[in-house]
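Novice: Can you keep this structure in mind? I'll have questions shortly.
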Protein chains: 8
Amino acid sequence: MSESDVHLDHDRHERRGYAEAVYCEGKTLEQLSRIAREIAEHPDRVTLFTRCDPVRAGTIRTVLPQACYDEAGRLLAWPPDIPPHAGHRVVVVAAGTSDLPVAREALLTARYLGRETELVVDVGIAGVHRVLAHVDLLRSARAVVCVAGMDGALPGLIAGLIAAPVVAVPTSVGYGAAFEGLAPLLTMLNACAPGVAVVNIDNGYGAGHLAAQITAS
Amino acid sequence: MSESDVHLDHDRHERRGYAEAVYCEGKTLEQLSRIAREIAEHPDRVTLFTRCDPVRAGTIRTVLPQACYDEAGRLLAWPPDIPPHAGHRVVVVAAGTSDLPVAREALLTARYLGRETELVVDVGIAGVHRVLAHVDLLRSARAVVCVAGMDGALPGLIAGLIAAPVVAVPTSVGYGAAFEGLAPLLTMLNACAPGVAVVNIDNGYGAGHLAAQITAS
Amino acid sequence: MSESDVHLDHDRHERRGYAEAVYCEGKTLEQLSRIAREIAEHPDRVTLFTRCDPVRAGTIRTVLPQACYDEAGRLLAWPPDIPPHAGHRVVVVAAGTSDLPVAREALLTARYLGRETELVVDVGIAGVHRVLAHVDLLRSARAVVCVAGMDGALPGLIAGLIAAPVVAVPTSVGYGAAFEGLAPLLTMLNACAPGVAVVNIDNGYGAGHLAAQITAS
Amino acid sequence: MSESDVHLDHDRHERRGYAEAVYCEGKTLEQLSRIAREIAEHPDRVTLFTRCDPVRAGTIRTVLPQACYDEAGRLLAWPPDIPPHAGHRVVVVAAGTSDLPVAREALLTARYLGRETELVVDVGIAGVHRVLAHVDLLRSARAVVCVAGMDGALPGLIAGLIAAPVVAVPTSVGYGAAFEGLAPLLTMLNACAPGVAVVNIDNGYGAGHLAAQITAS
Amino acid sequence: MSESDVHLDHDRHERRGYAEAVYCEGKTLEQLSRIAREIAEHPDRVTLFTRCDPVRAGTIRTVLPQACYDEAGRLLAWPPDIPPHAGHRVVVVAAGTSDLPVAREALLTARYLGRETELVVDVGIAGVHRVLAHVDLLRSARAVVCVAGMDGALPGLIAGLIAAPVVAVPTSVGYGAAFEGLAPLLTMLNACAPGVAVVNIDNGYGAGHLAAQITAS
Amino acid sequence: MSESDVHLDHDRHERRGYAEAVYCEGKTLEQLSRIAREIAEHPDRVTLFTRCDPVRAGTIRTVLPQACYDEAGRLLAWPPDIPPHAGHRVVVVAAGTSDLPVAREALLTARYLGRETELVVDVGIAGVHRVLAHVDLLRSARAVVCVAGMDGALPGLIAGLIAAPVVAVPTSVGYGAAFEGLAPLLTMLNACAPGVAVVNIDNGYGAGHLAAQITAS
Amino acid sequence: MSESDVHLDHDRHERRGYAEAVYCEGKTLEQLSRIAREIAEHPDRVTLFTRCDPVRAGTIRTVLPQACYDEAGRLLAWPPDIPPHAGHRVVVVAAGTSDLPVAREALLTARYLGRETELVVDVGIAGVHRVLAHVDLLRSARAVVCVAGMDGALPGLIAGLIAAPVVAVPTSVGYGAAFEGLAPLLTMLNACAPGVAVVNIDNGYGAGHLAAQITAS
Amino acid sequence: MSESDVHLDHDRHERRGYAEAVYCEGKTLEQLSRIAREIAEHPDRVTLFTRCDPVRAGTIRTVLPQACYDEAGRLLAWPPDIPPHAGHRVVVVAAGTSDLPVAREALLTARYLGRETELVVDVGIAGVHRVLAHVDLLRSARAVVCVAGMDGALPGLIAGLIAAPVVAVPTSVGYGAAFEGLAPLLTMLNACAPGVAVVNIDNGYGAGHLAAQITAS
């Protein structure tokens, strides 16, 4: 494959005004290295490498040594500095401990797109009192990202409590009839309360990006 | 088809000790009439005709004029007298108005099997405070039947609040990605709180029967 | 069924600050009549009756004669006056003529929640130049609702062209492998461009509500 | 991730009166270690670690060395002492040898929640005489847990023979059109005999817990 | 459409030695009339019109007035005389009353292909003793056709009791998670006992034909 | 809805050089009437109204009385004259009589796009000799459209016999496990012989159009 | 787990008259060893160990050293001697080379149940002339087992050519829209020719057993 | 297994006039070696080994050392010389970098069947301007192969821009609701523009072959 196999869409960056993302799964180390070299020439643009495992992160950091890597969220950001706050607050909620990697991907994405962010963990629907205990924080956000696997019921519960939109991320956490995230996906699409915006299963990056767009000032 | 095409399982009645049920959908008026005549000879046995539309109910009542018919729950009971209370209390919860027919089928089934029953309507997860307002009633039951379509999140919420088992009935209420009840079915199977016993979509009879078995003394 | 079978959640209205909605499918005329009488006593609250066919609309208007009914969008609004503009502009795009009913439901919902709205019709992905001709209008919105059946590719195309979020509504328009809206639903969940917020199939009300929340000032 | 990433819900313990469960899959060794330390301070509370592989069990036992670990059932219990019998008897039936791990998970869960338990193995529907040979034992229980993969027909057969509820657990045992447990799940939901309470595929813990709730005195 | 739109495959008749079948659904009255006229010239060949509703049967009998029509089984046979017995006995079992139409289609097909046939009705798995009561009759057959909807467990039960093959026909009888016959289809494909030959949902004709082939002498 | 709700894409006509199509399902009579009036002003352009039932055809012919309507193929063409042959021959094969409506839609589409067409009917895989009898005709085509429901095996068989591409159209003909065309769709996608181009279920128009593109000179 | 965890069903052996089978997947080496020791005491009974990988086979042969093991078919037979022919001939057809393991499992099963067997390989529908070249051999059988993945069209083709039943085995060979064998399974269930008996995906044992039952004299 | 287990279909080669393909997945090294030896005797025939991993390629090249192997496209061609151009141009488009392996398989297949080919990479629908920039190249082809995962929207977009057919290949690239290629498959089958010919998921070989057939002169 020649050099021309991989393109970055700088036009789109300018067209839309948001950071560029590079989805790392399915890309070879050689392809990522080439992308990193191209990015190194544009220190003014935020680039997020998503679904980035430690090996791939190592390759990219050979070219961009200052890049910031979060292993839990599988996200590598360059330049590493978090931009100053712009727009409104985003609160990210993870229903369970196993949903944390996706929640962190959402959180970091929103943060690198300039939003103030807060994380709330382990507040499933089976313990509704824990959700209610966080209502004030949830109501302080202009967008809440809610990450949940298994029954995926938390976003609908939160949407009934606040006025801001809820970005719902189903996760592939669970087993059996969770069918790799299909169950929480359907639950979220059928949420009884309006105000639930659904993204793809495990798509923390997409959720953080959407929340940042909603909360742009 | 000869007379011998349709059999009632009186042995099973004795074997298990519960009322006999006749599922009316797919049965011809002639078949139901024959069954009714056979039942007329056994006034000591409770028989429930389920999924019984008004036309079929009319045919059966030609033979069993005293039978009690509930059109909303599509249930016809014979003999019409509700048996005295035995066992413990069953509370039936309908998440929405559209879930009422299935909820009534569950309620009447449990009642004709000898249980004290209570009905709570329209307490979806989108308004969690309405659920919490009923906690004392819910905790007074030895089994709660929870009927819900769309996201089907209510049974998991209730199971987290009480010690008794929750019999969860998904309904085909909803549209689009509810897929005729598949979405709430999967939600209930994946409920985060233990204690949720799932039955078939729209199966109010089965839910009421199971609740009566659980609450037998 | 007694009077207590149907409840309106006024608390939720106050809790969230948005209009109340009454989903009409599966409700009897008697139930709707009772709800209408209850609403008649609260002329200060916006109430939207969704999925409301002409017969049901007639029953409701017996109680609320001034209510505004849009047959195409199957939406009945009360009080009939459109509230003054608040928040930012919402543009609603229908990919094809057959997507119009859902698009109108979204448009009217956003309008009755106080948003300035615009409608664009018949700009499918098969004729990309027609989409590009509307880019300025699309970029003038703080949220775009995009309604599409069949391949459901339009929201992803638009999301790549604008900075604001796109609320994507798959419709059950189409045949064969469209599987009642499943195909466009999956397409939208897998959109390559970030910024696509997916709601349930044919859920125009939910899309309009979500867009109104996103564009609240 | 800070210490606050993982929470135990002691309130729920008190609210519901049952042991707490920690689902180990998807949790890191560090997270489990922290949970174990927190639990070590509450020797009066029964805690069950479910889906616990030997490596994770080793980590937990570093903190809780007396904990009882059952490798077949992937269950670790603390404190290790089985509580005295309370409530009624639970009989657990495994349709085949391959269903044993899930059956043991159910059995141990019910036992640690205070129930008297019995195990019956390898009594599939293909050899109905073996089922009939156990009828007396099955009728001695207030709840039967029935674990089956492949065709999943056993719970319906047993439900037709006894008066107590049958908790049905589909397993992912099988191949081809068993579709990872979907086939027995559907069979159980469509069981012809009433009295079948279905839980998620492979959910032995949930089944044991539900059976313990049903058989509470 | 010209005369040449519809062809009968007489070669196949000779090639295989069995009666020809005409599937009536989706065929116009004009097409059926033309086929009937063609058949009228071949009084030596058995022809079965399957899925034949009364209106279509009337049209065909205008041309073939002596044809035998069974409305329950939606089968029209010509010539009307049942051929003398050849081969071995076929027993057809219907799990429930609602499975009778498909069972009759199977029974009549086998009978018109020259087999001795017996019908057993209403012996579901929920009442296993009723199945056991028929074991002698079942064992007298060289092939048993077993028709069942809902959980579809009966064929596996019977296959465990006899030495001959069981032709299993799932039916679309049932509701909810029966998914129009998908549930019993999967159950039958996963039957624990070997010897179960599965055909398409509601395919009584195919089952009767297969049984006749198996029992050919 | 205002006049501007419906647009015809004349640009696309010029861009691609093929006839314009109007999909009639889901369009109101008023919308179709408006479209017909617009088309009346462009007698030089071929326009095909697809999925056009007799009532809709009547409305359109009020405006375009000379239009040619084929009820079996539900296709209305305007102007009615078949264009002179251009490009190469297309042979359309219908596996069964019930596949004829879709086959005619494909045939007429290709014909109105200027191709010489031939129709072959009722040559299913169950009678392979009938297929072989048509090999010379099949080999005379530059593209074969093959329409089949149920097992959908015919296109793969034909693709193994000829050098030209086979456009495969699954139909929703069949019952049970045909799942509204899903079975033949999957069969065609998995055809063992290369050269099979699959289109949507029942999409005769798309198949005829694709065949015309392939056979353009 | 105690000795009593594993049972062999000798009664069933006597009840049905066929060899006993032990499904090895999911069984531990210890369990298999125990079963082998039990079997060693019954040299008069044919026992087939199915889905038996080389490691498990080694363990079993420690106890039963003379047992015959076929690695390709993953089948271990004991006693090793092939029984004398009884009943009629079974021909096994594999559509492709990749279907051979399942075909061998079927072949060996039928052979150890006493049937004369023949194997035909690599005769897919894409090369119909290769199928026709084997017609005489196919017609010499009383049952044909046909093993095919991908489009699964071969059984329907063969069923149209012969008078005996075809036992169809879908395999998980293929990729993409073959969906692990779902595509050929549906094709076989929808075969246009009658006489196709479908078993579970990859179920070579079941197919060989069914064929042996059909061909019993 | 004897020598006769594997057959090459030289007849088919002659019957259809195209290269023979050997699908390597599921074949043993021994089987491939035997096939290679047979092919070595026919240096005049083009043979393509598809889905050929490096280990299998090594085995084949022991017999056919001059064979050309492309690891990215997992394709081995023999003889290695690319045939002279015949027919018309094929352009292959890969929507993303991860789609390249399948795109290369299509490209090389078309090239070894004698077509002039061009490759275009990374032109997803999210950046529509990049697609438009290639319109002239796309219009120069008589067939375009379009390879895309995730939303699979690119083929429909291109089909709306050009007059030639588009061969659409869904890939299993993506995650979550892409469901291993199901999402782009459905999108392509529902493409709004006619002219889209769909092949199986990841079937680069089939796409290249079909494109070569379409562009034959």
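Letters for chains follow the order of the structure tokens (A, B, ...), residue numbers begin at 1 for each chain, and ligand numbers begin at 1 in the order shown.
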From region 10-196 of chain H, collect each residue whose DSSP state is helix (DSSP H, G or I) and return the set as a compact mmCIF listing (two decimals) with N, CA, C and O atoms, in the first residue's frame.
Specialist:
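Saved the output as result-v9.txt:
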# COMPACT_ATOMS: atom_id res chain seq x y z
N HIS H 10 -12.94 -28.25 -13.71
CA HIS H 10 -12.43 -27.71 -14.98
C HIS H 10 -13.55 -27.52 -15.98
O HIS H 10 -13.51 -26.62 -16.81
N ASP H 11 -14.53 -28.36 -15.88
CA ASP H 11 -15.67 -28.19 -16.77
C ASP H 11 -16.28 -26.81 -16.60
O ASP H 11 -16.60 -26.13 -17.56
N ARG H 12 -16.42 -26.45 -15.34
CA ARG H 12 -17.04 -25.16 -15.09
C ARG H 12 -16.19 -24.04 -15.68
O ARG H 12 -16.71 -23.09 -16.25
N HIS H 13 -14.88 -24.16 -15.55
CA HIS H 13 -13.98 -23.20 -16.17
C HIS H 13 -14.34 -23.03 -17.64
O HIS H 13 -14.52 -21.91 -18.13
N GLU H 14 -14.49 -24.15 -18.31
CA GLU H 14 -14.79 -24.07 -19.73
C GLU H 14 -16.21 -23.59 -19.97
O GLU H 14 -16.49 -22.84 -20.90
N ARG H 15 -17.11 -24.03 -19.12
CA ARG H 15 -18.50 -23.66 -19.27
C ARG H 15 -18.69 -22.15 -19.17
O ARG H 15 -19.46 -21.55 -19.88
N ARG H 16 -18.00 -21.53 -18.25
CA ARG H 16 -18.23 -20.12 -17.98
C ARG H 16 -17.15 -19.20 -18.53
O ARG H 16 -17.36 -18.01 -18.66
N LEU H 29 -3.71 -27.98 4.93
CA LEU H 29 -2.51 -27.77 4.11
C LEU H 29 -2.35 -28.93 3.13
O LEU H 29 -1.94 -28.72 1.98
N GLU H 30 -2.66 -30.12 3.59
CA GLU H 30 -2.52 -31.27 2.71
C GLU H 30 -3.47 -31.17 1.51
O GLU H 30 -3.08 -31.46 0.37
N GLN H 31 -4.70 -30.76 1.79
CA GLN H 31 -5.65 -30.62 0.68
C GLN H 31 -5.18 -29.55 -0.32
O GLN H 31 -5.25 -29.74 -1.54
N LEU H 32 -4.68 -28.43 0.21
CA LEU H 32 -4.23 -27.36 -0.69
C LEU H 32 -3.03 -27.79 -1.51
O LEU H 32 -2.89 -27.44 -2.68
N SER H 33 -2.15 -28.56 -0.89
CA SER H 33 -0.97 -29.04 -1.59
C SER H 33 -1.39 -29.91 -2.77
O SER H 33 -0.85 -29.81 -3.88
N ARG H 34 -2.36 -30.77 -2.55
CA ARG H 34 -2.84 -31.64 -3.60
C ARG H 34 -3.47 -30.84 -4.75
O ARG H 34 -3.24 -31.10 -5.92
N ILE H 35 -4.26 -29.82 -4.36
CA ILE H 35 -4.86 -28.96 -5.39
C ILE H 35 -3.77 -28.26 -6.20
O ILE H 35 -3.84 -28.18 -7.43
N ALA H 36 -2.76 -27.75 -5.51
CA ALA H 36 -1.69 -27.03 -6.21
C ALA H 36 -0.98 -27.95 -7.20
O ALA H 36 -0.66 -27.53 -8.33
N ARG H 37 -0.74 -29.18 -6.83
CA ARG H 37 -0.09 -30.12 -7.76
C ARG H 37 -0.95 -30.36 -8.99
O ARG H 37 -0.45 -30.43 -10.11
N GLU H 38 -2.23 -30.44 -8.77
CA GLU H 38 -3.12 -30.65 -9.92
C GLU H 38 -3.10 -29.43 -10.84
O GLU H 38 -3.08 -29.56 -12.07
N ILE H 39 -3.10 -28.25 -10.23
CA ILE H 39 -3.09 -27.02 -11.03
C ILE H 39 -1.78 -26.85 -11.79
O ILE H 39 -1.75 -26.30 -12.91
N ALA H 40 -0.68 -27.32 -11.20
CA ALA H 40 0.62 -27.15 -11.83
C ALA H 40 0.64 -27.76 -13.23
O ALA H 40 1.46 -27.38 -14.08
N PRO H 54 -0.89 -16.38 5.19
CA PRO H 54 0.51 -16.60 4.81
C PRO H 54 0.97 -18.05 4.94
O PRO H 54 1.75 -18.52 4.10
N VAL H 55 0.51 -18.76 5.96
CA VAL H 55 0.95 -20.15 6.11
C VAL H 55 0.46 -20.99 4.93
O VAL H 55 1.23 -21.75 4.32
N ARG H 56 -0.82 -20.85 4.60
CA ARG H 56 -1.34 -21.60 3.46
C ARG H 56 -0.64 -21.17 2.17
O ARG H 56 -0.34 -22.00 1.29
N ALA H 57 -0.38 -19.86 2.03
CA ALA H 57 0.30 -19.38 0.83
C ALA H 57 1.68 -20.05 0.71
O ALA H 57 2.10 -20.44 -0.38
N GLY H 58 2.37 -20.18 1.84
CA GLY H 58 3.69 -20.82 1.81
C GLY H 58 3.60 -22.25 1.30
O GLY H 58 4.41 -22.70 0.48
N THR H 59 2.61 -22.97 1.78
CA THR H 59 2.44 -24.35 1.33
C THR H 59 2.19 -24.42 -0.17
O THR H 59 2.78 -25.25 -0.88
N ILE H 60 1.32 -23.56 -0.65
CA ILE H 60 0.99 -23.58 -2.08
C ILE H 60 2.22 -23.22 -2.92
O ILE H 60 2.48 -23.83 -3.95
N ARG H 61 2.99 -22.25 -2.43
CA ARG H 61 4.16 -21.82 -3.21
C ARG H 61 5.28 -22.85 -3.17
O ARG H 61 6.25 -22.73 -3.94
N THR H 62 5.23 -23.81 -2.28
CA THR H 62 6.19 -24.90 -2.35
C THR H 62 5.98 -25.66 -3.67
O THR H 62 6.93 -26.11 -4.31
N VAL H 63 4.73 -25.73 -4.08
CA VAL H 63 4.41 -26.43 -5.34
C VAL H 63 4.46 -25.47 -6.53
O VAL H 63 4.90 -25.83 -7.62
N THR H 97 -9.80 3.15 5.64
CA THR H 97 -8.56 2.39 5.62
C THR H 97 -8.80 0.93 6.01
O THR H 97 -8.18 0.02 5.47
N SER H 98 -9.71 0.71 6.94
CA SER H 98 -9.96 -0.65 7.41
C SER H 98 -10.65 -1.51 6.36
O SER H 98 -10.71 -2.73 6.50
N ASP H 99 -11.20 -0.89 5.35
CA ASP H 99 -11.85 -1.65 4.28
C ASP H 99 -10.87 -2.07 3.20
O ASP H 99 -11.25 -2.75 2.24
N LEU H 100 -9.60 -1.68 3.34
CA LEU H 100 -8.62 -1.94 2.28
C LEU H 100 -8.42 -3.42 1.96
O LEU H 100 -8.32 -3.77 0.78
N PRO H 101 -8.31 -4.32 2.95
CA PRO H 101 -8.08 -5.72 2.56
C PRO H 101 -9.13 -6.26 1.61
O PRO H 101 -8.81 -6.90 0.61
N VAL H 102 -10.39 -5.98 1.91
CA VAL H 102 -11.46 -6.46 1.03
C VAL H 102 -11.39 -5.76 -0.33
O VAL H 102 -11.60 -6.37 -1.38
N ALA H 103 -11.05 -4.48 -0.31
CA ALA H 103 -10.96 -3.74 -1.57
C ALA H 103 -9.83 -4.30 -2.45
O ALA H 103 -9.99 -4.43 -3.67
N ARG H 104 -8.72 -4.63 -1.83
CA ARG H 104 -7.62 -5.19 -2.62
C ARG H 104 -7.99 -6.56 -3.19
O ARG H 104 -7.60 -6.89 -4.32
N GLU H 105 -8.73 -7.36 -2.42
CA GLU H 105 -9.17 -8.65 -2.96
C GLU H 105 -10.02 -8.45 -4.21
O GLU H 105 -9.88 -9.17 -5.22
N ALA H 106 -10.90 -7.44 -4.17
CA ALA H 106 -11.74 -7.16 -5.34
C ALA H 106 -10.90 -6.67 -6.50
O ALA H 106 -11.06 -7.10 -7.66
N LEU H 107 -9.99 -5.77 -6.20
CA LEU H 107 -9.15 -5.17 -7.24
C LEU H 107 -8.33 -6.23 -7.95
O LEU H 107 -8.29 -6.29 -9.20
N LEU H 108 -7.67 -7.08 -7.18
CA LEU H 108 -6.79 -8.09 -7.78
C LEU H 108 -7.59 -9.12 -8.57
O LEU H 108 -7.16 -9.60 -9.61
N THR H 109 -8.78 -9.46 -8.06
CA THR H 109 -9.62 -10.41 -8.78
C THR H 109 -9.97 -9.85 -10.16
O THR H 109 -9.82 -10.53 -11.19
N ALA H 110 -10.45 -8.61 -10.18
CA ALA H 110 -10.81 -8.01 -11.47
C ALA H 110 -9.59 -7.92 -12.39
O ALA H 110 -9.68 -8.16 -13.59
N ARG H 111 -8.44 -7.61 -11.82
CA ARG H 111 -7.23 -7.47 -12.62
C ARG H 111 -6.81 -8.81 -13.22
O ARG H 111 -6.43 -8.88 -14.38
N TYR H 112 -6.89 -9.87 -12.42
CA TYR H 112 -6.49 -11.18 -12.95
C TYR H 112 -7.54 -11.76 -13.90
O TYR H 112 -7.28 -12.73 -14.59
N ILE H 125 -18.79 8.89 3.46
CA ILE H 125 -19.91 9.79 3.27
C ILE H 125 -19.85 11.00 4.21
O ILE H 125 -20.42 12.04 3.95
N ALA H 126 -19.10 10.83 5.33
CA ALA H 126 -19.00 11.93 6.28
C ALA H 126 -18.21 13.10 5.68
O ALA H 126 -18.27 14.22 6.18
N GLY H 127 -17.47 12.84 4.62
CA GLY H 127 -16.76 13.93 3.94
C GLY H 127 -17.15 13.91 2.47
O GLY H 127 -16.37 13.49 1.63
N VAL H 128 -18.35 14.38 2.19
CA VAL H 128 -18.92 14.20 0.85
C VAL H 128 -18.10 14.89 -0.22
O VAL H 128 -18.06 14.47 -1.38
N HIS H 129 -17.37 15.94 0.16
CA HIS H 129 -16.57 16.66 -0.84
C HIS H 129 -15.46 15.79 -1.40
O HIS H 129 -15.09 15.90 -2.56
N ARG H 130 -14.95 14.88 -0.56
CA ARG H 130 -13.92 13.99 -1.08
C ARG H 130 -14.50 13.02 -2.12
O ARG H 130 -13.82 12.63 -3.05
N VAL H 131 -15.75 12.64 -1.96
CA VAL H 131 -16.38 11.80 -2.98
C VAL H 131 -16.54 12.58 -4.27
O VAL H 131 -16.19 12.12 -5.36
N LEU H 132 -17.06 13.79 -4.14
CA LEU H 132 -17.31 14.60 -5.34
C LEU H 132 -16.03 14.87 -6.11
O LEU H 132 -16.04 14.97 -7.35
N VAL H 135 -15.42 12.30 -8.93
CA VAL H 135 -16.53 11.95 -9.82
C VAL H 135 -16.05 11.62 -11.23
O VAL H 135 -16.55 10.67 -11.87
N ASP H 136 -15.10 12.34 -11.73
CA ASP H 136 -14.66 12.06 -13.11
C ASP H 136 -14.07 10.66 -13.22
O ASP H 136 -14.38 9.93 -14.17
N LEU H 137 -13.25 10.29 -12.26
CA LEU H 137 -12.69 8.94 -12.29
C LEU H 137 -13.81 7.89 -12.18
O LEU H 137 -13.83 6.90 -12.92
N LEU H 138 -14.73 8.13 -11.28
CA LEU H 138 -15.84 7.18 -11.10
C LEU H 138 -16.64 7.04 -12.39
O LEU H 138 -17.06 5.94 -12.76
N ARG H 139 -16.86 8.16 -13.08
CA ARG H 139 -17.66 8.10 -14.32
C ARG H 139 -16.90 7.46 -15.48
O ARG H 139 -17.50 7.11 -16.50
N LEU H 154 -21.95 4.68 1.36
CA LEU H 154 -21.22 5.19 0.20
C LEU H 154 -21.75 4.66 -1.14
O LEU H 154 -21.89 5.45 -2.09
N PRO H 155 -22.06 3.38 -1.28
CA PRO H 155 -22.52 2.91 -2.59
C PRO H 155 -23.76 3.64 -3.10
O PRO H 155 -23.84 3.97 -4.28
N GLY H 156 -24.70 3.92 -2.20
CA GLY H 156 -25.89 4.64 -2.63
C GLY H 156 -25.57 6.05 -3.08
O GLY H 156 -26.17 6.57 -4.03
N LEU H 157 -24.63 6.67 -2.41
CA LEU H 157 -24.22 8.03 -2.79
C LEU H 157 -23.59 8.01 -4.18
O LEU H 157 -23.93 8.83 -5.05
N ILE H 158 -22.69 7.07 -4.42
CA ILE H 158 -22.02 6.98 -5.72
C ILE H 158 -23.01 6.60 -6.82
O ILE H 158 -22.97 7.15 -7.92
N ALA H 159 -23.90 5.68 -6.52
CA ALA H 159 -24.88 5.27 -7.53
C ALA H 159 -25.73 6.44 -8.01
O ALA H 159 -26.20 6.45 -9.15
N GLY H 176 -20.32 -2.79 17.73
CA GLY H 176 -21.66 -2.57 18.27
C GLY H 176 -22.75 -2.89 17.27
O GLY H 176 -22.80 -4.00 16.72
N ALA H 177 -23.59 -1.91 17.00
CA ALA H 177 -24.76 -2.13 16.16
C ALA H 177 -24.40 -2.32 14.68
O ALA H 177 -25.31 -2.39 13.85
N ALA H 178 -23.13 -2.38 14.33
CA ALA H 178 -22.75 -2.79 12.97
C ALA H 178 -23.01 -4.28 12.81
O ALA H 178 -23.15 -4.78 11.70
N PHE H 179 -23.05 -5.00 13.93
CA PHE H 179 -23.39 -6.42 13.97
C PHE H 179 -22.66 -7.22 12.89
O PHE H 179 -23.27 -7.93 12.09
N GLU H 180 -21.34 -7.07 12.88
CA GLU H 180 -20.47 -7.88 11.99
C GLU H 180 -20.79 -7.70 10.52
O GLU H 180 -20.63 -8.63 9.72
N GLY H 181 -21.27 -6.54 10.15
CA GLY H 181 -21.52 -6.26 8.73
C GLY H 181 -23.00 -6.25 8.37
O GLY H 181 -23.35 -5.90 7.23
N LEU H 182 -23.85 -6.61 9.29
CA LEU H 182 -25.28 -6.62 9.00
C LEU H 182 -25.79 -5.21 8.68
O LEU H 182 -26.58 -5.01 7.76
N ALA H 183 -25.32 -4.21 9.43
CA ALA H 183 -25.80 -2.84 9.22
C ALA H 183 -25.48 -2.35 7.81
O ALA H 183 -26.38 -1.92 7.08
N PRO H 184 -24.21 -2.40 7.36
CA PRO H 184 -23.97 -1.91 5.99
C PRO H 184 -24.64 -2.79 4.93
O PRO H 184 -25.04 -2.28 3.87
N LEU H 185 -24.79 -4.07 5.21
CA LEU H 185 -25.51 -4.93 4.25
C LEU H 185 -26.93 -4.43 4.04
O LEU H 185 -27.39 -4.26 2.90
N LEU H 186 -27.64 -4.17 5.13
CA LEU H 186 -29.02 -3.68 5.00
C LEU H 186 -29.06 -2.32 4.33
O LEU H 186 -29.93 -2.04 3.49
N THR H 187 -28.13 -1.45 4.69
CA THR H 187 -28.10 -0.12 4.06
C THR H 187 -28.00 -0.25 2.55
O THR H 187 -28.71 0.41 1.79
N MET H 188 -27.09 -1.12 2.11
CA MET H 188 -26.86 -1.24 0.66
C MET H 188 -28.07 -1.84 -0.04
O MET H 188 -28.42 -1.43 -1.15
N LEU H 189 -28.72 -2.81 0.59
CA LEU H 189 -29.92 -3.40 -0.02
C LEU H 189 -31.05 -2.38 -0.13
O LEU H 189 -31.93 -2.50 -0.97
Novice: For chain B against chain D, which residues fall within 10 Å using only C-alpha atoms, given as a PyMOL selection string?
Specialist: chain B and resi 12-13+15-18+21+139+142-143+159-168+185-186+188-201+203+205-217
Novice: Can you pull out every residue within 6 Å of Asp122 (chain G), counting only C-alpha atoms, but drop anything in the same chain fewer than 2 positions away, and send it as a PyMOL selection string?
Specialist: chain G and resi 94-97+124
Novice: Could you tell me how far CA of Cys52 (chain B) lies from CA of Gly26 (chain C), in Å and to one decimal?
Specialist: 18.6 Å
Novice: List every residue of region 62-202 of chain A that DSSP, applied to the backbone, labels as strand (DSSP E or B), and write the result as an NGL selection string.
Specialist: :A and (68-70 or 75-78 or 90-94 or 117-121 or 143-148 or 166-170 or 196-198)
Novice: Would you compute the distance between CA of Thr28 (chain E) and CA of Phe49 (chain E)? Give it in Å to one decimal.
Specialist: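 For CA of Thr28 (chain E) relative to CA of Phe49 (chain E), the distance reads 13.4 Å.
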